[in-house]
file start.cif (mmCIF, C-alpha atoms and all ligand atoms)
data_structure
#
loop_
_atom_site.label_atom_id
_atom_site.label_comp_id
_atom_site.auth_asym_id
_atom_site.auth_seq_id
_atom_site.Cartn_x
_atom_site.Cartn_y
_atom_site.Cartn_z
CA MET A 167 -28.09 18.08 -5.43
CA SER A 168 -27.34 14.99 -7.46
CA HIS A 169 -26.75 11.38 -6.59
CA TYR A 170 -23.78 9.52 -8.04
CA GLN A 171 -22.54 5.94 -7.93
CA LEU A 172 -18.97 4.71 -7.77
CA ASP A 173 -18.00 1.12 -8.42
CA THR A 174 -14.78 0.06 -6.65
CA ARG A 175 -15.49 -3.64 -6.60
CA ARG A 176 -12.41 -5.89 -6.69
CA LEU A 177 -10.13 -2.98 -5.78
CA LEU A 178 -8.12 -3.38 -2.62
CA CYS A 179 -7.70 -0.74 0.03
CA PRO A 180 -6.71 1.98 -0.19
CA MET A 181 -7.81 2.13 -3.84
CA PRO A 182 -11.54 2.46 -2.97
CA VAL A 183 -10.66 5.44 -0.76
CA ILE A 184 -8.51 7.02 -3.46
CA ARG A 185 -11.26 6.60 -6.05
CA THR A 186 -13.80 8.04 -3.61
CA GLN A 187 -11.55 11.01 -2.89
CA ASP A 188 -10.96 11.68 -6.59
CA LYS A 189 -14.67 11.42 -7.36
CA VAL A 190 -15.73 13.66 -4.47
CA GLN A 191 -13.35 16.35 -5.75
CA GLN A 192 -15.52 16.64 -8.85
CA LEU A 193 -18.78 16.96 -6.89
CA GLN A 194 -20.60 19.85 -5.28
CA PRO A 195 -21.37 20.27 -1.58
CA GLY A 196 -24.61 18.46 -0.79
CA ASP A 197 -24.17 15.93 -3.59
CA ARG A 198 -24.47 12.30 -2.62
CA LEU A 199 -22.21 9.47 -3.66
CA THR A 200 -22.79 5.78 -3.13
CA VAL A 201 -19.61 3.72 -3.22
CA VAL A 202 -19.73 -0.04 -3.76
CA ALA A 203 -16.69 -2.03 -2.69
CA THR A 204 -15.76 -5.64 -2.12
CA ASP A 205 -12.77 -5.05 0.17
CA PRO A 206 -14.23 -5.05 3.69
CA GLY A 207 -11.54 -2.53 4.64
CA ALA A 208 -13.61 0.10 2.83
CA LEU A 209 -16.11 -0.18 5.66
CA ASN A 210 -13.61 1.51 7.98
CA ASP A 211 -11.49 3.46 5.56
CA ILE A 212 -14.14 5.41 3.67
CA PRO A 213 -15.91 6.64 6.83
CA ALA A 214 -12.50 7.53 8.35
CA TRP A 215 -11.61 9.48 5.22
CA CYS A 216 -14.99 11.27 5.42
CA ARG A 217 -14.53 12.24 9.07
CA ILE A 218 -11.07 13.67 8.34
CA ASN A 219 -12.13 15.62 5.30
CA GLY A 220 -15.48 16.90 6.50
CA HIS A 221 -17.96 14.76 4.57
CA ARG A 222 -20.97 13.04 6.09
CA VAL A 223 -21.55 9.31 5.98
CA VAL A 224 -25.27 8.88 5.37
CA GLU A 225 -25.43 5.13 5.44
CA VAL A 226 -23.21 2.07 5.56
CA SER A 227 -24.46 -1.37 4.66
CA ARG A 228 -23.17 -4.82 3.80
CA ALA A 229 -24.72 -7.37 1.53
CA GLU A 230 -23.45 -10.50 -0.20
CA GLY A 231 -19.78 -9.72 0.00
CA GLU A 232 -20.30 -6.11 -0.97
CA VAL A 233 -19.99 -2.97 1.09
CA LEU A 234 -22.07 0.12 0.34
CA VAL A 235 -21.17 3.52 1.73
CA GLU A 236 -23.34 6.54 0.99
CA ILE A 237 -21.67 9.91 1.45
CA GLU A 238 -22.92 13.46 1.45
CA VAL A 239 -20.25 15.84 0.22
CA GLY A 240 -19.33 18.38 2.88
CA PRO A 241 -19.05 22.14 2.52
CA SER A 242 -15.35 22.41 1.71
CA GLN A 243 -13.53 20.53 -0.96
CA PRO A 244 -10.46 18.70 0.30
CA LEU A 245 -8.08 20.12 -2.27
CA ASP A 246 -9.14 23.73 -1.84
CA PRO A 247 -6.49 25.21 0.43
CA MET B 206 -0.23 39.82 11.69
CA ASN B 207 1.92 37.14 10.16
CA LYS B 208 0.42 35.13 7.39
CA GLN B 209 -0.45 31.63 8.49
CA ARG B 210 1.98 29.25 6.86
CA LYS B 211 0.95 25.93 5.43
CA ALA B 212 2.89 22.69 5.41
CA ILE B 213 2.24 19.35 3.81
CA ALA B 214 3.39 16.38 5.88
CA LEU B 215 4.38 13.09 4.28
CA ILE B 216 2.34 10.61 6.29
CA SER B 217 3.38 6.98 6.02
CA GLY B 218 1.17 5.75 8.84
CA GLY B 219 4.14 5.16 11.14
CA LEU B 220 5.12 7.00 14.30
CA ASP B 221 7.92 9.22 13.01
CA SER B 222 5.91 11.07 10.40
CA MET B 223 3.11 11.43 12.94
CA LEU B 224 5.43 13.07 15.47
CA ALA B 225 6.98 15.32 12.85
CA ALA B 226 3.56 16.61 11.83
CA LYS B 227 2.57 17.08 15.46
CA LEU B 228 5.65 19.19 16.23
CA ILE B 229 4.82 21.54 13.39
CA LEU B 230 1.10 21.67 14.18
CA ASP B 231 2.03 22.72 17.70
CA GLN B 232 3.89 25.69 16.25
CA GLY B 233 0.66 27.04 14.83
CA VAL B 234 1.33 26.04 11.23
CA GLN B 235 -1.57 24.71 9.17
CA VAL B 236 -0.65 21.11 8.37
CA GLU B 237 -2.26 18.69 5.96
CA GLY B 238 -1.07 15.17 5.26
CA ILE B 239 -0.16 13.48 2.01
CA ASN B 240 0.22 9.75 1.54
CA PHE B 241 1.52 8.09 -1.60
CA TYR B 242 0.14 4.75 -2.64
CA THR B 243 2.75 2.82 -4.64
CA GLY B 244 1.01 -0.55 -4.62
CA PHE B 245 3.66 -1.98 -2.29
CA CYS B 246 2.52 -0.23 0.87
CA VAL B 247 2.04 -2.47 3.87
CA GLU B 248 -1.45 -1.00 4.32
CA GLY B 249 -3.54 -3.97 5.32
CA HIS B 250 -4.09 -5.70 1.98
CA THR B 251 -3.35 -9.08 3.32
CA HIS B 252 -5.54 -8.22 6.27
CA ALA B 253 -8.40 -7.80 3.89
CA ILE B 254 -7.60 -11.14 2.39
CA ARG B 255 -6.65 -13.64 5.06
CA LYS B 256 -9.69 -14.85 6.87
CA LYS B 257 -8.09 -15.03 10.31
CA ASP B 258 -7.30 -11.35 10.07
CA VAL B 259 -10.75 -10.22 9.02
CA GLN B 260 -11.89 -10.29 12.63
CA LYS B 261 -9.08 -7.94 13.58
CA GLN B 262 -10.15 -4.35 13.22
CA LYS B 263 -8.48 -3.36 10.00
CA ARG B 264 -7.50 0.20 9.52
CA ASN B 265 -5.52 2.35 7.16
CA ASN B 266 -2.73 3.71 9.31
CA ALA B 267 -2.25 6.90 7.36
CA LEU B 268 -5.95 7.74 7.79
CA TRP B 269 -5.72 6.81 11.44
CA VAL B 270 -2.74 9.12 11.99
CA ALA B 271 -4.50 12.00 10.23
CA GLU B 272 -7.56 11.51 12.37
CA GLN B 273 -5.50 11.45 15.57
CA LEU B 274 -3.80 14.67 14.56
CA GLY B 275 -7.01 16.26 13.31
CA ILE B 276 -5.56 17.03 9.88
CA LYS B 277 -6.78 16.40 6.35
CA LEU B 278 -5.16 13.64 4.37
CA HIS B 279 -4.67 13.41 0.63
CA ILE B 280 -3.95 9.93 -0.66
CA VAL B 281 -2.30 9.95 -4.04
CA ASP B 282 -2.26 7.01 -6.43
CA VAL B 283 1.30 6.84 -7.79
CA VAL B 284 1.19 3.22 -8.91
CA GLU B 285 2.04 4.00 -12.55
CA GLU B 286 4.75 6.58 -11.92
CA TYR B 287 6.35 4.47 -9.24
CA LYS B 288 7.24 1.74 -11.75
CA ASP B 289 10.09 3.82 -13.08
CA VAL B 290 11.41 4.38 -9.56
CA LEU B 291 11.41 0.67 -8.85
CA ILE B 292 12.61 -0.56 -12.22
CA HIS B 293 15.41 1.98 -12.73
CA PRO B 294 16.55 3.31 -9.35
CA ARG B 295 19.46 5.71 -9.90
CA HIS B 296 20.77 4.99 -6.45
CA GLY B 297 20.16 1.25 -6.49
CA TYR B 298 18.38 -1.05 -4.08
CA GLY B 299 18.69 -1.56 -0.35
CA ALA B 300 18.96 -4.95 1.35
CA HIS B 301 16.11 -6.30 -0.80
CA MET B 302 14.22 -4.76 -3.73
CA ASN B 303 13.63 -1.52 -1.84
CA PRO B 304 14.85 1.53 -3.76
CA CYS B 305 14.52 3.67 -0.64
CA LEU B 306 16.62 6.63 -1.66
CA ASP B 307 15.00 7.05 -5.07
CA CYS B 308 11.63 6.41 -3.44
CA LYS B 309 12.14 9.24 -0.93
CA ILE B 310 13.34 11.59 -3.66
CA PHE B 311 10.28 10.70 -5.74
CA MET B 312 7.83 11.26 -2.89
CA VAL B 313 9.32 14.58 -1.85
CA LYS B 314 9.29 15.64 -5.49
CA LYS B 315 5.60 14.76 -5.77
CA ALA B 316 4.94 16.65 -2.54
CA MET B 317 6.80 19.62 -4.02
CA GLU B 318 4.54 19.58 -7.08
CA TRP B 319 1.56 19.38 -4.76
CA ILE B 320 2.55 22.40 -2.66
CA GLU B 321 3.15 24.43 -5.79
CA GLN B 322 -0.32 23.59 -7.10
CA ASN B 323 -2.02 24.19 -3.77
CA GLY B 324 -0.25 27.25 -2.45
CA PHE B 325 1.49 25.58 0.47
CA ASP B 326 4.82 26.78 1.85
CA PHE B 327 6.88 23.77 2.84
CA ILE B 328 7.15 20.01 3.25
CA ILE B 329 7.79 18.00 6.39
CA THR B 330 8.91 14.40 6.76
CA GLY B 331 9.56 12.15 9.74
CA GLU B 332 13.11 11.37 8.65
CA VAL B 333 15.79 10.98 11.32
CA ILE B 334 19.51 11.00 10.57
CA GLY B 335 20.89 7.49 10.81
CA GLN B 336 17.52 5.84 11.33
CA ARG B 337 17.53 3.87 8.09
CA PRO B 338 20.62 2.56 6.35
CA MET B 339 19.90 3.88 2.89
CA SER B 340 17.73 6.96 2.71
CA GLN B 341 18.21 8.46 6.15
CA ARG B 342 21.95 9.01 6.41
CA LYS B 343 23.76 12.24 6.97
CA ASP B 344 25.14 12.09 3.42
CA THR B 345 21.90 11.04 1.70
CA MET B 346 19.52 13.47 3.36
CA PRO B 347 20.83 16.44 1.36
CA VAL B 348 20.54 14.27 -1.78
CA VAL B 349 16.81 13.87 -1.12
CA ALA B 350 16.37 17.59 -0.57
CA HIS B 351 18.34 18.50 -3.67
CA GLN B 352 17.28 15.89 -6.22
CA SER B 353 13.60 16.25 -5.31
CA GLY B 354 13.85 19.96 -6.07
CA ALA B 355 12.46 20.79 -2.62
CA ASP B 356 15.84 22.03 -1.35
CA ASP B 357 15.37 24.14 1.74
CA ARG B 358 11.58 23.86 1.66
CA LEU B 359 12.06 20.38 3.07
CA LEU B 360 12.02 20.37 6.86
CA ARG B 361 12.70 17.32 9.02
CA PRO B 362 11.40 18.36 12.44
CA LEU B 363 12.74 15.31 14.28
CA CYS B 364 16.37 16.02 13.41
CA ALA B 365 16.29 19.61 12.13
CA ARG B 366 18.76 20.88 14.69
CA ASN B 367 21.39 18.52 13.32
CA LEU B 368 20.94 19.93 9.84
CA PRO B 369 21.49 23.40 8.37
CA PRO B 370 18.52 25.76 8.91
CA THR B 371 15.88 25.47 6.21
CA LEU B 372 13.71 28.20 4.75
CA PRO B 373 10.84 27.81 7.27
CA GLU B 374 13.38 28.17 10.10
CA ARG B 375 15.24 31.10 8.59
CA GLU B 376 12.02 32.95 7.83
CA GLY B 377 10.71 32.34 11.32
CA TRP B 378 7.68 30.33 10.13
CA VAL B 379 8.77 27.77 12.69
CA GLU B 380 11.06 28.11 15.67
CA ARG B 381 14.18 26.07 15.23
CA GLU B 382 14.69 25.81 19.02
CA GLN B 383 11.42 23.89 19.32
CA LEU B 384 12.54 21.29 16.79
CA LEU B 385 14.46 18.15 17.70
CA ASP B 386 17.97 16.83 17.23
CA LEU B 387 17.40 13.10 17.07
CA SER B 388 19.86 10.81 15.35
CA GLY B 389 20.71 7.14 15.20
CA ARG B 390 18.70 3.95 15.13
CA SER B 391 17.23 4.13 18.61
CA ARG B 392 13.43 4.30 18.75
CA LYS B 393 13.37 5.30 22.41
CA PRO B 394 13.12 9.09 21.96
CA GLN B 395 10.20 8.69 19.56
CA MET B 396 8.44 6.35 21.94
CA ALA B 397 8.95 8.75 24.82
CA LEU B 398 7.59 11.59 22.74
CA ALA B 399 4.58 9.48 21.71
CA ALA B 400 3.87 8.79 25.39
CA GLN B 401 4.17 12.49 26.16
CA TYR B 402 1.61 13.32 23.46
CA GLY B 403 -0.63 10.48 24.57
CA PHE B 404 -0.31 8.59 21.28
CA THR B 405 -0.93 4.92 21.86
CA ASP B 406 -1.78 2.13 19.50
CA TYR B 407 0.32 3.53 16.67
CA ALA B 408 1.59 1.20 13.95
CA GLN B 409 5.06 -0.21 14.36
CA PRO B 410 6.28 -1.58 11.08
CA SER B 411 9.45 -3.56 11.64
CA GLY B 412 11.45 -3.26 8.44
CA GLY B 413 10.17 -0.36 6.42
CA CYS B 414 7.01 1.15 5.13
CA CYS B 415 6.54 -1.25 2.25
CA PHE B 416 6.69 -4.84 1.06
CA LEU B 417 9.85 -4.17 -0.92
CA THR B 418 11.87 -4.42 2.30
CA ASP B 419 10.50 -7.93 2.78
CA GLU B 420 12.83 -10.69 1.67
CA GLN B 421 10.16 -13.16 0.57
CA TYR B 422 8.20 -10.56 -1.30
CA SER B 423 11.31 -9.31 -3.07
CA ARG B 424 12.15 -12.85 -4.13
CA LYS B 425 8.73 -13.25 -5.70
CA LEU B 426 9.11 -9.98 -7.54
CA VAL B 427 12.51 -10.95 -8.92
CA ASP B 428 11.11 -14.32 -9.97
CA LEU B 429 8.30 -12.57 -11.81
CA TRP B 430 10.75 -10.33 -13.64
CA GLU B 431 13.13 -13.15 -14.50
CA HIS B 432 10.38 -15.12 -16.17
CA ARG B 433 8.96 -12.32 -18.23
CA SER B 434 10.35 -10.50 -21.18
CA SER B 435 10.13 -7.15 -19.41
CA ARG B 436 10.15 -5.80 -15.89
CA ASP B 437 6.88 -3.99 -16.39
CA TYR B 438 4.12 -5.01 -14.00
CA THR B 439 0.48 -4.29 -13.28
CA LEU B 440 -1.16 -3.57 -9.95
CA ASP B 441 -2.75 -7.02 -10.14
CA ASP B 442 0.68 -8.64 -10.60
CA ILE B 443 2.09 -7.09 -7.46
CA MET B 444 -1.08 -7.72 -5.44
CA LEU B 445 -0.95 -11.40 -6.35
CA LEU B 446 2.61 -11.58 -5.00
CA LYS B 447 1.18 -10.82 -1.56
CA VAL B 448 -1.25 -13.73 -1.63
CA GLY B 449 -1.00 -17.51 -1.57
CA ARG B 450 1.74 -20.06 -1.96
CA HIS B 451 3.76 -19.46 -5.12
CA LEU B 452 5.26 -22.52 -6.81
CA ARG B 453 7.26 -22.62 -10.02
CA PRO B 454 7.64 -26.28 -11.05
CA ALA B 455 9.15 -25.28 -14.41
CA PRO B 456 10.50 -22.03 -15.84
CA HIS B 457 7.48 -21.53 -18.08
CA PHE B 458 4.75 -21.64 -15.49
CA LYS B 459 3.93 -20.65 -11.94
CA LEU B 460 1.05 -21.69 -9.71
CA VAL B 461 -0.55 -19.52 -7.06
CA VAL B 462 -2.23 -21.76 -4.50
CA GLY B 463 -4.73 -20.28 -2.03
CA ARG B 464 -3.81 -21.20 1.53
CA GLU B 465 -7.19 -20.71 3.11
CA GLU B 466 -10.70 -19.53 2.40
CA GLY B 467 -9.94 -15.82 2.47
CA GLU B 468 -7.13 -16.23 -0.04
CA ASN B 469 -9.27 -18.48 -2.22
CA ASN B 470 -11.94 -15.79 -2.28
CA PHE B 471 -9.38 -13.21 -3.23
CA LEU B 472 -7.87 -15.39 -5.96
CA SER B 473 -11.30 -16.17 -7.33
CA GLY B 474 -11.48 -12.51 -8.32
CA TYR B 475 -8.85 -13.38 -10.95
CA ARG B 476 -10.72 -16.31 -12.49
CA LYS B 477 -11.38 -14.40 -15.68
CA GLU B 478 -7.70 -13.55 -16.19
CA PHE B 479 -6.05 -16.90 -15.44
CA THR B 480 -6.57 -20.52 -16.29
CA HIS B 481 -7.32 -22.02 -12.91
CA LEU B 482 -7.86 -25.26 -11.09
CA THR B 483 -10.39 -26.22 -8.46
CA VAL B 484 -10.62 -29.44 -6.49
CA GLU B 485 -14.04 -31.03 -6.98
CA SER B 486 -13.99 -34.17 -4.87
CA HIS B 487 -12.66 -32.57 -1.67
CA MET B 488 -12.30 -29.22 -0.01
CA GLY B 489 -9.32 -27.62 -1.64
CA PRO B 490 -7.54 -24.56 -2.86
CA LEU B 491 -8.14 -22.42 -5.88
CA VAL B 492 -5.00 -22.53 -8.01
CA LEU B 493 -4.19 -19.87 -10.58
CA VAL B 494 -1.90 -20.81 -13.45
CA ASP B 495 0.49 -18.19 -14.77
CA GLY B 496 1.94 -19.51 -18.05
CA GLU B 497 1.14 -21.97 -20.83
CA LEU B 498 0.76 -25.59 -19.79
CA SER B 499 1.30 -28.79 -21.76
CA ALA B 500 -0.81 -31.84 -20.95
CA ALA B 501 1.95 -33.16 -18.69
CA ASP B 502 2.27 -29.79 -16.93
CA LEU B 503 -1.45 -29.75 -16.40
CA GLU B 504 -1.39 -33.15 -14.79
CA LEU B 505 1.40 -32.00 -12.48
CA ALA B 506 -0.52 -28.83 -11.61
CA ALA B 507 -3.59 -30.93 -10.81
CA ARG B 508 -1.54 -33.25 -8.58
CA ILE B 509 -0.18 -30.20 -6.76
CA ALA B 510 -3.69 -28.80 -6.28
CA ALA B 511 -4.73 -32.20 -4.94
CA ARG B 512 -1.76 -32.21 -2.55
CA TYR B 513 -3.00 -29.01 -0.92
CA SER B 514 -6.59 -30.25 -0.70
CA GLN B 515 -8.21 -32.29 2.04
CA GLY B 516 -7.89 -35.24 -0.29
CA ARG B 517 -4.10 -35.27 0.05
CA SER B 518 -4.11 -38.84 1.38
CA ALA B 519 -6.83 -40.11 -0.97
CA GLU B 520 -5.82 -42.29 -3.90
CA GLN B 521 -7.51 -40.18 -6.50
CA VAL B 522 -8.71 -36.61 -6.38
CA MET B 523 -10.94 -34.98 -8.97
CA VAL B 524 -9.57 -31.66 -10.21
CA LYS B 525 -11.32 -29.37 -12.65
CA VAL B 526 -9.41 -27.14 -15.06
CA HIS B 527 -11.13 -23.91 -16.08
CA TYR B 528 -9.74 -22.38 -19.27
CA LEU B 529 -9.87 -18.74 -20.22
CA ASP B 530 -12.33 -19.42 -23.06
CA GLY B 531 -14.80 -20.83 -20.53
CA SER B 532 -14.20 -24.49 -21.40
CA GLU B 533 -13.49 -26.98 -18.65
CA CYS B 534 -12.07 -30.44 -18.22
CA GLU B 535 -11.80 -32.82 -15.31
CA LEU B 536 -8.76 -34.81 -14.31
CA SER B 537 -8.63 -37.63 -11.81
CA VAL B 538 -5.14 -37.55 -10.29
CA ALA B 539 -3.07 -38.98 -7.46
CA PRO B 540 -2.03 -36.20 -5.08
CA LEU B 541 1.69 -35.52 -4.93
CA ALA B 542 3.38 -36.65 -1.73
CA GLY B 543 4.79 -33.91 0.50
CA HIS B 544 8.39 -34.72 -0.41
CA GLU B 545 7.56 -34.49 -4.12
CA ILE B 546 6.91 -30.76 -3.79
CA ALA B 547 10.48 -29.75 -4.52
CA GLU B 548 12.09 -27.11 -2.35
CA ALA B 549 13.28 -25.40 -5.50
CA TRP B 550 9.72 -24.83 -6.71
CA GLN B 551 8.91 -22.52 -3.82
CA VAL B 552 9.18 -18.96 -4.95
S1 LIG A 601 10.54 1.12 2.60
FE1 LIG A 601 9.45 1.20 0.63
S2 LIG A 601 8.09 2.99 0.78
FE2 LIG A 601 9.62 3.19 2.41
S3 LIG A 601 11.25 4.45 1.50
FE3 LIG A 601 11.82 2.31 1.16
S4 LIG A 601 11.02 1.79 -0.85
FE4 LIG A 601 9.99 3.68 -0.19
#
call {"tool": "encode", "arguments": {"input": "start.cif", "output": "structure tokens", "more": "lines below"}}
Ligand code: SF4
result
Amino acid sequence: MSHYQLDTRRLLCPMPVIRTQDKVQQLQPGDRLTVVATDPGALNDIPAWCRINGHRVVEVSRAEGEVLVEIEVGPSQPLDP
Amino acid sequence: MNKQRKAIALISGGLDSMLAAKLILDQGVQVEGINFYTGFCVEGHTHAIRKKDVQKQKRNNALWVAEQLGIKLHIVDVVEEYKDVLIHPRHGYGAHMNPCLDCKIFMVKKAMEWIEQNGFDFIITGEVIGQRPMSQRKDTMPVVAHQSGADDRLLRPLCARNLPPTLPEREGWVEREQLLDLSGRSRKPQMALAAQYGFTDYAQPSGGCCFLTDEQYSRKLVDLWEHRSSRDYTLDDIMLLKVGRHLRPAPHFKLVVGREEGENNFLSGYRKEFTHLTVESHMGPLVLVDGELSAADLELAARIAARYSQGRSAEQVMVKVHYLDGSECELSVAPLAGHEIAEAWQV
């Protein structure tokens, strides 16, 4: 299991979600990814995307205009049919 | 046992595509959603920006629809590829800068590529004959199917019974009798169906699914193109068109004036890319400058910034100019009077 970071600061929704999705596709189940965003929409959108696609949100936090969402990659990859 | 068939549903976030996906899900087909992000989508950007809207629970409608339906959603960034669709639409524009027919063809074509790569069987959309003046007409719907290359792998569950049977119907992957025969502009049947399924709180975009159907937005886009040597654009360009008051006092420069704190915060993210003005002596907007300014232009820009600050009735307002190289200068100016902001400057 590895821990990765993804910087989506200054991007507007849904770009942070798209970047998260594209990054998660390269990771293994159990890996963790911490996404940093400045668009507050990411606070809702990334967890919603995780619920839909079977990933776990470990932690969500807000600090100084930034949003941090930590994800644990779920068992199945979204693009594997 | 029959093989379980798989369909990809184009999900815009609106009601029609939601219902179309639901009809096919109910027939036991495995459905996943796909949503294309062109940069012009109505998806809450301005909500993220304007302060008054921050309180409102902001959501991405496509994600919301997928969650309601219990399906996966793939969001695809098509910002770069979409430029060609918008700049050179083979079938022209709609009422504003919306190239709806080419846009639909493009999206179905991308969905077709996706199903080929992922082993899916067909594509579904929420199109209804006669619902939209350009892309959803009896004569243009076959154009979308044909020019996208999807042909009879494109199923429109809401109006399928008004169209020739498609592959999924002929092969018995879905039952044609269970599909609908909607047509025309009325929204009533969709609303009734939504009530029947217990869907409430769905998004109801008025014009279309993107900013290109918006008159004001289209005007700003045309203005941008007219004052540049090419029609190319960046994602930042088209985002900035959604924010602030846009004034063009002369052909060679445009000002983007933040209208409130949320917009000022957003615009401040562009401080490194644009010469900009801030009002020092009073509360005031952040103003981005797009273009090269002479000393006289700069004075005018400063007077405009002052006009939109809380010092608008003061005799002198202190405005600071921040240049791209990091240098700064201060100007003490008299704010323009309201009537001096010419109507013609408003983009
Ligand atoms: S409204 Fe916009 S997104 Fe929808 S079909 Fe037309 S151009 Fe495409």
call {"tool": "closest_atom_pairs", "arguments": {"input": "start.cif", "of": "chain B", "to": "ligand LIG 601 (chain A)", "cutoff": "10 Å", "atoms": "all atoms listed in the file", "output": "JSON lines"}}
result
{"residue": "B:Ser217", "atom": "CA", "partner": "A:LIG601", "partner_atom": "S2", "distance": 8.1}
{"residue": "B:Phe241", "atom": "CA", "partner": "A:LIG601", "partner_atom": "S2", "distance": 8.7}
{"residue": "B:Tyr242", "atom": "CA", "partner": "A:LIG601", "partner_atom": "S2", "distance": 8.8}
{"residue": "B:Thr243", "atom": "CA", "partner": "A:LIG601", "partner_atom": "S2", "distance": 7.6}
{"residue": "B:Gly244", "atom": "CA", "partner": "A:LIG601", "partner_atom": "S2", "distance": 9.6}
{"residue": "B:Phe245", "atom": "CA", "partner": "A:LIG601", "partner_atom": "FE1", "distance": 7.2}
{"residue": "B:Cys246", "atom": "CA", "partner": "A:LIG601", "partner_atom": "S2", "distance": 6.4}
{"residue": "B:Val247", "atom": "CA", "partner": "A:LIG601", "partner_atom": "S2", "distance": 8.7}
{"residue": "B:Tyr287", "atom": "CA", "partner": "A:LIG601", "partner_atom": "FE4", "distance": 9.8}
{"residue": "B:Val290", "atom": "CA", "partner": "A:LIG601", "partner_atom": "S4", "distance": 9.1}
{"residue": "B:Leu291", "atom": "CA", "partner": "A:LIG601", "partner_atom": "S4", "distance": 8.1}
{"residue": "B:Tyr298", "atom": "CA", "partner": "A:LIG601", "partner_atom": "S4", "distance": 8.5}
{"residue": "B:Gly299", "atom": "CA", "partner": "A:LIG601", "partner_atom": "FE3", "distance": 8.0}
{"residue": "B:His301", "atom": "CA", "partner": "A:LIG601", "partner_atom": "S4", "distance": 9.6}
{"residue": "B:Met302", "atom": "CA", "partner": "A:LIG601", "partner_atom": "S4", "distance": 7.8}
{"residue": "B:Asn303", "atom": "CA", "partner": "A:LIG601", "partner_atom": "S4", "distance": 4.3}
{"residue": "B:Pro304", "atom": "CA", "partner": "A:LIG601", "partner_atom": "S4", "distance": 4.8}
{"residue": "B:Cys305", "atom": "CA", "partner": "A:LIG601", "partner_atom": "FE3", "distance": 3.5}
{"residue": "B:Leu306", "atom": "CA", "partner": "A:LIG601", "partner_atom": "S3", "distance": 6.6}
{"residue": "B:Asp307", "atom": "CA", "partner": "A:LIG601", "partner_atom": "FE4", "distance": 7.8}
{"residue": "B:Cys308", "atom": "CA", "partner": "A:LIG601", "partner_atom": "FE4", "distance": 4.6}
{"residue": "B:Lys309", "atom": "CA", "partner": "A:LIG601", "partner_atom": "S3", "distance": 5.4}
{"residue": "B:Ile310", "atom": "CA", "partner": "A:LIG601", "partner_atom": "S3", "distance": 9.1}
{"residue": "B:Phe311", "atom": "CA", "partner": "A:LIG601", "partner_atom": "FE4", "distance": 9.0}
{"residue": "B:Met312", "atom": "CA", "partner": "A:LIG601", "partner_atom": "FE4", "distance": 8.3}
{"residue": "B:Arg337", "atom": "CA", "partner": "A:LIG601", "partner_atom": "FE3", "distance": 9.1}
{"residue": "B:Met339", "atom": "CA", "partner": "A:LIG601", "partner_atom": "FE3", "distance": 8.4}
{"residue": "B:Ser340", "atom": "CA", "partner": "A:LIG601", "partner_atom": "S3", "distance": 7.1}
{"residue": "B:Gln341", "atom": "CA", "partner": "A:LIG601", "partner_atom": "S3", "distance": 9.3}
{"residue": "B:Pro410", "atom": "CA", "partner": "A:LIG601", "partner_atom": "S1", "distance": 9.9}
{"residue": "B:Gly412", "atom": "CA", "partner": "A:LIG601", "partner_atom": "S1", "distance": 7.4}
{"residue": "B:Gly413", "atom": "CA", "partner": "A:LIG601", "partner_atom": "S1", "distance": 4.1}
{"residue": "B:Cys414", "atom": "CA", "partner": "A:LIG601", "partner_atom": "FE2", "distance": 4.3}
{"residue": "B:Cys415", "atom": "CA", "partner": "A:LIG601", "partner_atom": "FE1", "distance": 4.1}
{"residue": "B:Phe416", "atom": "CA", "partner": "A:LIG601", "partner_atom": "FE1", "distance": 6.7}
{"residue": "B:Leu417", "atom": "CA", "partner": "A:LIG601", "partner_atom": "FE1", "distance": 5.6}
{"residue": "B:Thr418", "atom": "CA", "partner": "A:LIG601", "partner_atom": "S1", "distance": 5.7}
{"residue": "B:Asp419", "atom": "CA", "partner": "A:LIG601", "partner_atom": "S1", "distance": 9.1}
call {"tool": "closest_residue", "arguments": {"input": "start.cif", "among": "B:Ile334, B:Leu398, B:Val492, B:Ala500", "to": "Lys525 in chain B", "atoms": "only C-alpha atoms"}}
result
B:Val492
call {"tool": "interface_residues", "arguments": {"input": "start.cif", "of": "chain A", "to": "chain B", "cutoff": "7 Å", "atoms": "all atoms listed in the file", "output": "ChimeraX atom specification"}}
result
/A:176,178-179,184,205-207,210-211,214-215,218-219,247
call {"tool": "residues_around", "arguments": {"input": "start.cif", "residues": "Leu177 in chain A", "least_positions_apart": "2", "cutoff": "8 Å", "atoms": "all atoms listed in the file", "output": "PDB file with C-alpha atoms, in the frame of the given file"}}
result
ATOM      1  CA  THR A 174     -14.780   0.060  -6.650  1.00  0.00           C
ATOM      2  CA  ARG A 175     -15.490  -3.640  -6.600  1.00  0.00           C
ATOM      3  CA  CYS A 179      -7.700  -0.740   0.030  1.00  0.00           C
ATOM      4  CA  MET A 181      -7.810   2.130  -3.840  1.00  0.00           C
ATOM      5  CA  PRO A 182     -11.540   2.460  -2.970  1.00  0.00           C
ATOM      6  CA  ALA A 203     -16.690  -2.030  -2.690  1.00  0.00           C
ATOM      7  CA  THR A 204     -15.760  -5.640  -2.120  1.00  0.00           C
ATOM      8  CA  ASP A 205     -12.770  -5.050   0.170  1.00  0.00           C
TER       9      ASP A 205
END
call {"tool": "atom_distance", "arguments": {"input": "start.cif", "atom1": "CA of Pro369 in chain B", "atom2": "CA of Phe404 in chain B"}}
result
29.3 Å
call {"tool": "atom_distance", "arguments": {"input": "start.cif", "atom1": "CA of Met167 in chain A", "atom2": "CA of Leu234 in chain A"}}
result
19.8 Å
